[in-house]
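Data block for upload14.cif (mmCIF, C-alpha atoms):
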data_data
loop_
_atom_site.label_atom_id
_atom_site.label_comp_id
_atom_site.auth_asym_id
_atom_site.auth_seq_id
_atom_site.Cartn_x
_atom_site.Cartn_y
_atom_site.Cartn_z
CA MET A 1396 -9.75 42.32 24.54
CA VAL A 1397 -11.10 44.59 21.83
CA ARG A 1398 -8.44 43.50 19.37
CA ALA A 1399 -8.92 39.88 20.30
CA GLU A 1400 -12.64 40.14 19.58
CA ALA A 1401 -12.03 41.89 16.29
CA ALA A 1402 -9.47 39.28 15.32
CA ARG A 1403 -11.89 36.51 16.24
CA ALA A 1404 -14.63 38.06 14.12
CA MET A 1405 -12.24 38.64 11.24
CA ASN A 1406 -11.06 35.05 11.34
CA GLY A 1407 -14.40 33.85 10.10
CA GLY A 1408 -16.43 34.30 13.25
CA ALA A 1409 -19.86 35.86 13.57
CA MET A 1410 -20.47 39.57 13.15
CA ASP A 1411 -20.92 40.09 16.85
CA GLY A 1412 -18.24 41.22 19.23
CA LEU A 1413 -16.51 43.84 17.09
CA ALA A 1414 -15.61 46.84 19.16
CA MET A 1415 -14.00 50.19 18.29
CA LEU A 1416 -13.33 49.08 14.78
CA SER A 1417 -10.47 50.35 12.69
CA LEU A 1418 -11.38 51.48 9.18
CA MET A 1419 -10.10 48.19 7.75
CA GLU A 1420 -12.16 46.18 10.22
CA ARG A 1421 -15.24 48.21 9.29
CA ILE A 1422 -14.63 47.47 5.62
CA LEU A 1423 -14.33 43.74 6.31
CA PHE A 1424 -17.54 43.91 8.32
CA LEU A 1425 -19.47 45.93 5.72
CA ARG A 1426 -18.51 43.43 3.01
CA ARG A 1427 -20.71 40.90 4.83
CA VAL A 1428 -23.71 43.26 4.92
CA PRO A 1429 -26.04 42.45 1.98
CA LEU A 1430 -26.92 46.12 1.45
CA PHE A 1431 -23.33 46.87 0.55
CA ALA A 1432 -22.43 43.55 -1.10
CA ASP A 1433 -22.28 45.04 -4.60
CA LEU A 1434 -19.92 47.87 -3.72
CA SER A 1435 -16.28 47.72 -4.73
CA PRO A 1436 -13.65 47.72 -1.95
CA ALA A 1437 -12.78 51.32 -2.81
CA ASP A 1438 -16.45 52.34 -2.50
CA LEU A 1439 -16.76 50.45 0.79
CA LYS A 1440 -13.83 52.46 2.07
CA GLN A 1441 -15.93 55.60 1.52
CA VAL A 1442 -18.90 54.07 3.36
CA ALA A 1443 -16.68 52.97 6.24
CA ALA A 1444 -15.23 56.46 6.45
CA ILE A 1445 -18.62 58.24 6.62
CA ALA A 1446 -20.12 55.83 9.16
CA SER A 1447 -19.88 56.67 12.83
CA GLU A 1448 -19.87 54.00 15.50
CA GLU A 1449 -22.35 54.14 18.38
CA LEU A 1450 -23.07 51.97 21.36
CA PHE A 1451 -26.59 51.70 22.85
CA GLY A 1452 -27.37 50.15 26.22
CA ASP A 1453 -30.20 47.72 26.89
CA GLY A 1454 -33.53 49.51 26.41
CA ASP A 1455 -32.03 52.62 24.82
CA VAL A 1456 -34.29 54.07 22.14
CA MET A 1457 -32.24 54.54 18.96
CA ALA A 1458 -35.04 56.09 16.95
CA GLU A 1459 -38.64 56.99 17.69
CA GLN A 1460 -41.76 56.40 15.65
CA GLY A 1461 -43.05 59.65 14.17
CA GLU A 1462 -39.76 61.53 14.19
CA ILE A 1463 -38.05 62.57 10.97
CA GLY A 1464 -35.23 60.14 10.38
CA ALA A 1465 -31.78 61.64 10.17
CA GLU A 1466 -29.77 58.41 9.98
CA MET A 1467 -29.84 54.70 9.31
CA PHE A 1468 -28.07 52.02 11.29
CA VAL A 1469 -26.11 48.88 10.44
CA ILE A 1470 -26.15 46.52 13.41
CA VAL A 1471 -22.64 45.32 14.26
CA SER A 1472 -23.47 43.46 17.46
CA GLY A 1473 -26.50 42.94 19.67
CA GLU A 1474 -30.14 43.09 18.65
CA VAL A 1475 -32.67 45.81 17.90
CA ARG A 1476 -36.40 45.63 18.58
CA VAL A 1477 -38.67 47.23 15.98
CA THR A 1478 -41.94 48.34 17.58
CA VAL A 1479 -45.06 50.15 16.45
CA ALA A 1480 -47.62 51.94 18.62
CA ALA A 1481 -51.09 52.61 17.22
CA ASP A 1482 -54.33 54.11 18.53
CA GLY A 1483 -52.93 54.73 21.99
CA LYS A 1484 -52.15 51.05 22.47
CA ALA A 1485 -48.88 49.77 23.89
CA ASP A 1486 -45.88 49.19 21.61
CA CYS A 1487 -46.14 46.03 19.54
CA GLU A 1488 -42.93 44.31 18.43
CA ILE A 1489 -43.06 43.70 14.68
CA ALA A 1490 -39.51 42.55 14.07
CA ARG A 1491 -36.18 41.91 15.70
CA ARG A 1492 -33.03 42.76 13.79
CA LYS A 1493 -29.66 41.09 14.19
CA PRO A 1494 -26.01 41.79 13.31
CA GLY A 1495 -25.60 42.57 9.62
CA ASP A 1496 -29.16 43.91 9.33
CA VAL A 1497 -29.90 47.49 8.38
CA VAL A 1498 -32.56 49.48 10.26
CA GLY A 1499 -34.00 52.97 9.93
CA GLU A 1500 -33.37 53.21 6.20
CA MET A 1501 -37.04 53.65 5.17
CA SER A 1502 -37.45 57.06 6.72
CA ILE A 1503 -34.31 58.51 5.17
CA VAL A 1504 -35.25 57.15 1.75
CA SER A 1505 -38.87 58.38 1.89
CA HIS A 1506 -38.31 61.58 3.91
CA GLU A 1507 -41.41 60.55 5.87
CA PRO A 1508 -41.63 60.28 9.67
CA ARG A 1509 -40.33 56.99 11.05
CA MET A 1510 -42.95 54.22 10.92
CA ALA A 1511 -41.55 52.37 13.91
CA SER A 1512 -39.37 52.80 16.97
CA LEU A 1513 -36.00 51.09 17.35
CA THR A 1514 -34.84 49.91 20.76
CA ALA A 1515 -31.61 48.16 21.71
CA VAL A 1516 -31.96 44.70 23.21
CA GLY A 1517 -28.94 44.23 25.44
CA GLU A 1518 -25.89 46.17 24.34
CA ALA A 1519 -26.13 47.07 20.66
CA ARG A 1520 -23.22 48.41 18.64
CA VAL A 1521 -24.14 50.04 15.36
CA LEU A 1522 -22.63 51.96 12.49
CA CYS A 1523 -24.67 55.11 11.77
CA ILE A 1524 -24.86 56.63 8.32
CA ASP A 1525 -26.51 60.03 8.12
CA SER A 1526 -29.19 60.69 5.50
CA LYS A 1527 -27.13 63.12 3.43
CA SER A 1528 -24.21 60.71 3.12
CA PHE A 1529 -26.54 57.81 2.33
CA GLU A 1530 -28.35 59.79 -0.37
CA GLY A 1531 -24.98 60.70 -1.87
CA LEU A 1532 -24.08 57.03 -1.89
CA LEU A 1533 -27.35 56.10 -3.64
CA ARG A 1534 -26.76 58.73 -6.29
CA GLU A 1535 -23.16 57.78 -7.00
CA ARG A 1536 -23.37 53.99 -6.64
CA PRO A 1537 -26.35 52.55 -8.54
CA GLY A 1538 -25.56 49.07 -7.19
CA THR A 1539 -26.63 50.26 -3.76
CA ASN A 1540 -30.04 51.36 -5.11
CA LEU A 1541 -30.81 47.81 -6.13
CA ALA A 1542 -29.76 46.49 -2.73
CA VAL A 1543 -31.97 49.09 -1.00
CA MET A 1544 -34.90 48.02 -3.18
CA ARG A 1545 -34.31 44.43 -2.11
CA VAL A 1546 -34.36 45.45 1.56
CA LEU A 1547 -37.55 47.48 1.05
CA CYS A 1548 -39.22 44.55 -0.76
CA ALA A 1549 -38.32 42.28 2.14
CA ARG A 1550 -39.81 44.81 4.57
CA LEU A 1551 -42.99 45.00 2.49
CA LYS A 1552 -43.26 41.22 2.43
CA GLU A 1553 -42.80 41.11 6.21
CA SER A 1554 -45.43 43.77 6.82
CA SER A 1555 -48.01 42.00 4.66
CA LYS A 1556 -47.71 38.73 6.60
CA MET B 562 -3.56 61.80 -10.08
CA ASN B 563 -6.62 61.72 -7.83
CA PRO B 564 -8.83 58.85 -9.14
CA GLU B 565 -11.99 61.00 -9.17
CA THR B 566 -10.18 63.78 -11.07
CA GLU B 567 -8.84 61.26 -13.56
CA ARG B 568 -12.29 59.74 -14.07
CA GLY B 569 -13.74 63.21 -14.69
CA ALA B 570 -10.95 64.12 -17.11
CA VAL B 571 -11.41 60.93 -19.14
CA HIS B 572 -15.19 61.49 -19.27
CA THR B 573 -14.60 65.03 -20.52
CA LEU B 574 -12.22 63.74 -23.18
CA GLU B 575 -15.10 61.73 -24.67
CA LEU B 576 -16.93 64.97 -25.41
CA LEU B 577 -14.08 66.82 -27.11
CA PRO B 578 -12.87 66.75 -30.72
CA ALA B 579 -9.84 64.64 -29.88
CA GLN B 580 -8.19 63.84 -33.24
CA ALA B 581 -5.84 66.80 -32.87
CA ILE B 582 -4.34 65.27 -29.76
CA ALA B 583 -4.58 61.64 -30.85
CA GLU B 584 -1.00 60.69 -30.01
CA PRO B 585 -1.04 61.92 -26.39
CA ILE B 586 -4.36 60.08 -25.96
CA ARG B 587 -2.84 56.88 -27.33
CA GLN B 588 0.13 57.32 -25.01
CA TYR B 589 -2.19 57.79 -22.03
CA ALA B 590 -4.15 54.68 -23.06
CA ARG B 591 -0.93 52.63 -23.26
CA GLU B 592 0.10 53.74 -19.78
CA ARG B 593 -3.30 52.89 -18.31
CA MET B 594 -3.21 49.56 -20.13
CA ALA B 595 0.11 48.69 -18.50
CA ALA B 596 -1.41 49.44 -15.09
CA ALA B 597 -4.57 47.45 -15.92
CA LEU B 598 -2.64 44.38 -17.04
CA GLN B 599 -0.22 44.58 -14.11
CA HIS B 600 -3.10 44.52 -11.61
CA HIS B 601 -4.99 41.90 -13.61
CA ASP B 602 -1.95 39.59 -13.61
CA GLN B 603 -1.41 40.19 -9.90
CA TRP B 604 -5.06 39.36 -9.28
CA ARG B 605 -4.70 36.06 -11.19
CA GLU B 606 -1.55 35.16 -9.28
CA ALA B 607 -3.15 36.10 -5.98
CA ILE B 608 -6.30 34.00 -6.45
CA ARG B 609 -4.14 31.02 -7.42
CA ASN B 610 -1.53 31.26 -4.72
CA LEU B 611 -2.97 32.95 -1.66
CA ASP B 612 -5.42 31.58 0.90
CA ALA B 613 -8.78 32.03 -0.82
CA GLY B 614 -10.63 31.33 2.44
CA SER B 615 -9.28 34.40 4.18
CA GLU B 616 -11.48 37.47 3.96
CA ARG B 617 -8.38 39.68 4.26
CA VAL B 618 -6.88 38.02 1.19
CA LYS B 619 -10.26 38.33 -0.53
CA LEU B 620 -10.23 42.09 0.10
CA LEU B 621 -6.81 42.27 -1.58
CA THR B 622 -7.83 40.16 -4.58
CA ASP B 623 -11.10 42.07 -5.05
CA SER B 624 -9.18 45.35 -4.83
CA LEU B 625 -6.67 44.20 -7.46
CA ARG B 626 -9.51 43.13 -9.72
CA ASP B 627 -11.36 46.40 -9.16
CA ARG B 628 -8.22 48.41 -9.93
CA ALA B 629 -7.56 46.41 -13.12
CA VAL B 630 -11.11 46.96 -14.36
CA ARG B 631 -11.00 50.66 -13.49
CA GLU B 632 -7.76 51.13 -15.45
CA ALA B 633 -9.13 49.10 -18.37
CA VAL B 634 -12.24 51.31 -18.47
CA HIS B 635 -9.95 54.36 -18.63
CA VAL B 636 -8.24 52.81 -21.68
CA LEU B 637 -11.57 52.27 -23.42
CA ARG B 638 -12.86 55.74 -22.53
CA ALA B 639 -9.70 57.38 -23.85
CA ILE B 640 -9.81 55.43 -27.12
CA HIS B 641 -13.55 56.11 -27.35
CA ALA B 642 -12.57 59.70 -28.21
CA LEU B 643 -10.64 58.48 -31.27
CA SER B 644 -12.96 55.74 -32.44
CA ASP B 645 -16.54 55.21 -33.56
CA ARG B 646 -18.16 56.97 -30.62
CA GLU B 647 -21.64 55.44 -30.79
CA THR B 648 -20.38 51.88 -31.11
CA MET B 649 -17.81 52.46 -28.37
CA ALA B 650 -20.39 53.97 -26.02
CA VAL B 651 -22.62 50.88 -26.26
CA ALA B 652 -19.66 48.51 -25.96
CA LEU B 653 -18.34 50.41 -22.94
CA GLU B 654 -21.66 50.06 -21.16
CA ASN B 655 -22.06 46.38 -22.04
CA VAL B 656 -18.54 45.31 -21.19
CA GLN B 657 -19.27 46.28 -17.58
CA SER B 658 -22.58 44.39 -17.54
CA ARG B 659 -23.16 41.45 -15.22
CA ASP B 660 -24.72 39.57 -18.10
CA ALA B 661 -22.09 37.28 -19.64
CA ASN B 662 -23.75 37.42 -23.08
CA GLN B 663 -23.74 41.21 -23.11
CA ARG B 664 -20.09 41.19 -22.07
CA ALA B 665 -19.22 38.69 -24.81
CA ASN B 666 -20.98 40.83 -27.44
CA ALA B 667 -19.18 43.94 -26.19
CA LEU B 668 -15.79 42.19 -26.38
CA GLU B 669 -16.54 41.06 -29.92
CA THR B 670 -17.43 44.62 -30.89
CA LEU B 671 -14.32 46.04 -29.24
CA GLU B 672 -12.14 43.58 -31.19
CA SER B 673 -13.12 45.29 -34.41
CA VAL B 674 -13.46 49.03 -33.70
CA ARG B 675 -11.05 51.64 -35.00
CA GLU B 676 -7.88 51.67 -32.82
CA ALA B 677 -8.64 48.05 -31.86
CA GLN B 678 -4.93 47.22 -31.97
CA ILE B 679 -4.45 49.49 -28.94
CA ILE B 680 -7.32 48.19 -26.85
CA ARG B 681 -7.12 44.49 -27.78
CA PRO B 682 -4.57 43.49 -25.07
CA VAL B 683 -6.63 45.06 -22.29
CA LEU B 684 -9.75 43.05 -23.18
CA ARG B 685 -8.37 40.04 -21.35
CA VAL B 686 -9.27 41.86 -18.12
CA TRP B 687 -12.89 40.89 -18.91
CA GLU B 688 -12.22 37.42 -20.29
CA ALA B 689 -12.89 34.38 -18.11
CA ASP B 690 -9.93 33.16 -16.13
CA SER B 691 -9.67 29.48 -17.07
CA GLU B 692 -6.43 28.84 -15.22
CA ALA B 693 -7.61 29.87 -11.78
CA ALA B 694 -7.63 26.30 -10.50
CA SER B 695 -3.98 25.53 -11.30
CA THR B 696 -1.52 24.34 -8.65
CA ARG B 697 -0.75 26.61 -5.75
CA ASP B 698 2.82 27.88 -5.42
CA ASP B 699 3.72 29.35 -1.99
CA GLY B 700 6.75 31.13 -3.45
CA ALA B 701 4.48 32.93 -5.87
CA GLY B 702 2.20 33.86 -2.96
CA THR B 703 5.10 35.53 -1.17
CA ARG B 704 6.17 37.32 -4.34
CA ILE B 705 2.69 38.67 -4.99
CA LEU B 706 2.42 39.99 -1.44
CA GLU B 707 5.82 41.66 -1.74
CA ALA B 708 4.84 43.22 -5.07
CA THR B 709 1.51 44.53 -3.82
CA LEU B 710 3.15 45.93 -0.67
CA ASP B 711 5.14 48.13 -3.09
CA ASP B 712 2.17 49.06 -5.31
CA GLY B 713 1.79 52.68 -6.39
CA ASP B 714 -1.78 52.73 -5.06
CA ALA B 715 -1.95 53.38 -1.30
CA TRP B 716 -5.19 51.40 -1.03
CA ILE B 717 -3.62 48.29 -2.60
CA ARG B 718 -0.65 48.63 -0.22
CA ALA B 719 -3.02 48.84 2.76
CA CYS B 720 -4.92 45.74 1.56
CA ALA B 721 -1.63 43.89 1.03
CA ALA B 722 -0.53 44.71 4.58
CA LEU B 723 -3.89 43.46 5.85
CA ALA B 724 -3.49 40.25 3.83
CA VAL B 725 0.03 39.75 5.18
CA GLY B 726 -1.51 39.63 8.64
CA ALA B 727 -3.56 36.61 7.55
CA GLY B 728 -0.42 34.47 7.38
CA ASP B 729 3.10 34.60 8.78
CA PRO B 730 3.97 38.31 8.79
CA ALA B 731 7.66 37.92 9.77
CA PRO B 732 9.18 38.06 6.25
CA PHE B 733 7.26 41.25 5.47
CA ARG B 734 7.77 43.20 8.68
CA LYS B 735 10.60 45.32 7.25
CA LYS B 736 8.51 46.32 4.23
CA ILE B 737 5.57 47.38 6.37
CA ASN B 738 7.42 49.63 8.79
CA GLY B 739 7.71 53.25 7.75
CA ASP B 740 4.82 53.42 5.27
CA GLY B 741 1.61 55.04 6.50
CA SER B 742 -0.65 53.15 4.08
CA LYS B 743 0.81 49.79 5.02
CA ARG B 744 0.66 50.62 8.72
CA PHE B 745 -3.00 51.52 8.20
CA GLY B 746 -3.72 48.07 6.76
CA TRP B 747 -1.43 46.33 9.20
CA ASP B 748 -3.06 47.97 12.22
CA GLY B 749 -6.41 46.75 10.90
CA ALA B 750 -5.03 43.22 10.76
CA ARG B 751 -3.70 42.94 14.28
#
Produce structure tokens that represent the structure in this file.
Amino acid sequence: MVRAEAARAMNGGAMDGLAMLSLMERILFLRRVPLFADLSPADLKQVAAIASEELFGDGDVMAEQGEIGAEMFVIVSGEVRVTVAADGKADCEIARRKPGDVVGEMSIVSHEPRMASLTAVGEARVLCIDSKSFEGLLRERPGTNLAVMRVLCARLKESSK
Amino acid sequence: MNPETERGAVHTLELLPAQAIAEPIRQYARERMAAALQHHDQWREAIRNLDAGSERVKLLTDSLRDRAVREAVHVLRAIHALSDRETMAVALENVQSRDANQRANALETLESVREAQIIRPVLRVWEADSEAASTRDDGAGTRILEATLDDGDAWIRACAALAVGAGDPAPFRKKINGDGSKRFGWDGAR
């Protein structure tokens, strides 16, 4: 079933449904993620190799507001709720991220506590990239810096709405 | 040689007084040029004759292109040590630019630097491919897959095995068995 889903996704399907990806499948997936679009195949191989795959169940908290971020996530399948709590009030959903989106990158870029919590909606499969590996990637591959800036600009635009 | 080690060695060469070892440098540049042009030609054949809609094929063609450019940059960096260093440094930066005008200016500069006769053939790696839309030839598609399955670069072999999985793999099965890199790509394709 796993292989069938991967094959379906690789044959032009959506990004959802990939499970227990081989390195090649990860590379094909990452090529569709805008953050990594400017990387060469050989560079993507490095990213695919440093990423670890994790599965979160419905309602699992992937990252908590206020904690120091140690990793960022690329959503492979499922959805992730981005919520913010302020002044003792209940969590407020500020965004919902889908397959191909990147979440949790702001904290590892800024070295500041996370500004929001991330919670899986349904089953969410993600690729995790730890902060040290991501910083190494930013240093060695300038193309990724530009893509990160684009993501941060989009976040800023969203937050000012 | 490990690609990262080679990149570091070529960068270091730029900083050394290289005239004393000019001939070995030229020899190295010629070897890298052969590799650059081989992968460039394979890339052109692949984009003409393989299924452009397949993302597996696209990974192979992008990898061939990337390899050709990487080898071509090695040629320029090596010759940089024997040529007008300031002019070469600017041209090297601009030839890799995304801006077509900057690339065109860099190519024009590179046509006329010292040792230009060595680097001139490799410049076609950066020139526009005007024949990409020519007629597709399935025989050529098979040949290019066979050739890339035997490439010296394990990554290209893995991509070729992945691309083989996008079509009818039967004619290639024998080539794939017994090579770890190809199995790696092939397993990703199943």
List the neighbours of Glu565 (chain B) out to 12 Å using all atoms listed in the file; skip same-chain residues closer than 4 positions along the sequence, and give me the result as a JSON list (two decimals) with C-alpha atoms, keeping the file's coordinate frame.
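around18.json was written with the following content:
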[["chain", "number", "residue", "atom", "x", "y", "z"],
["A", 1437, "ALA", "CA", -12.78, 51.32, -2.81],
["A", 1438, "ASP", "CA", -16.45, 52.34, -2.50],
["A", 1535, "GLU", "CA", -23.16, 57.78, -7.00],
["B", 569, "GLY", "CA", -13.74, 63.21, -14.69],
["B", 570, "ALA", "CA", -10.95, 64.12, -17.11],
["B", 571, "VAL", "CA", -11.41, 60.93, -19.14],
["B", 572, "HIS", "CA", -15.19, 61.49, -19.27],
["B", 631, "ARG", "CA", -11.00, 50.66, -13.49],
["B", 635, "HIS", "CA", -9.95, 54.36, -18.63]]
Exercise for review: List, as a PyMOL selection string, every residue that the PyMOL selection byres ((chain A and resi 1444-1456) around 6) selects in the file provided.
Suggested key: chain A and resi 1441-1443+1457-1458+1513-1524
Exercise for review: Run through the PyMOL selection byres ((chain B and resi 667-683) around 6) on the given coordinates and return the selected residues as JSON, numbers by chain.
Suggested key: {"B": [644, 652, 655, 656, 664, 665, 666, 684, 685, 686]}
How about saving the chosen residues, C-alpha atoms kept, as a PDB file, keeping the file's coordinate frame?
ATOM      1  CA  SER B 644     -12.960  55.740 -32.440  1.00  0.00           C
ATOM      2  CA  ALA B 652     -19.660  48.510 -25.960  1.00  0.00           C
ATOM      3  CA  ASN B 655     -22.060  46.380 -22.040  1.00  0.00           C
ATOM      4  CA  VAL B 656     -18.540  45.310 -21.190  1.00  0.00           C
ATOM      5  CA  ARG B 664     -20.090  41.190 -22.070  1.00  0.00           C
ATOM      6  CA  ALA B 665     -19.220  38.690 -24.810  1.00  0.00           C
ATOM      7  CA  ASN B 666     -20.980  40.830 -27.440  1.00  0.00           C
ATOM      8  CA  LEU B 684      -9.750  43.050 -23.180  1.00  0.00           C
ATOM      9  CA  ARG B 685      -8.370  40.040 -21.350  1.00  0.00           C
ATOM     10  CA  VAL B 686      -9.270  41.860 -18.120  1.00  0.00           C
TER      11      VAL B 686
END
Check your understanding: Distance CA of Leu620 (chain B)-CA of Asp602 (chain B), one decimal place?
Key -> 16.2 Å
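What separates CA of Val618 (chain B) from CA of Thr709 (chain B) is a distance of 11.7 Å.
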Practice item. Can you turn the PyMOL selection byres ((chain B and resi 606-617) around 6) into a concrete residue list for this file, as an MDAnalysis selection string? Key: chainID B and resid 603:605 618:620 693 697:698 702 724
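Each of B:Glu592, B:Asp714, B:Glu688, B:Asp660 was checked against chain A using only C-alpha atoms; the smallest atom-to-atom distance is that of B:Asp714.
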Point to revise | Surrounding residues of Thr1539 (chain A) excluding itself and chain neighbours under 2 positions, 9 Å, all atoms listed in the file, as a PyMOL selection string | key: chain A and resi 1430-1434+1532-1537+1541-1544
Review point. Quick one: distance from CA of Glu1530 (chain A) to CA of Gly1495 (chain A) in Å, one decimal?
Key: 20.1 Å
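Proximity ranking of B:Thr573, B:Thr703, B:Thr622, B:Gln580 relative to chain A places B:Thr622 first, based on all atoms listed in the file.
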Practice item. Please identify all polymer residues lying at most 10 Å from the point (-13.3, 47.3, -10.4) (file coordinates), using all atoms listed in the file, and present the result as a ChimeraX atom specification. Key: /A:1434-1438 /B:623-634,657
Check your understanding: Could you list, as a ChimeraX atom specification, every residue of chain A that has an atom within 6 Å of an atom of chain B, counting all atoms listed in the file?
Key -> /A:1417,1419-1420,1436
So for region 695-709 of chain B, what box centre and size do we get, axis-aligned, 3 Å extra on each of the six sides, every listed atom, Å to one decimal, as lines of an AutoDock Vina configuration file?
center_x = 1.4
center_y = 34.4
center_z = -6.2
size_x = 16.7
size_y = 26.2
size_z = 16.1
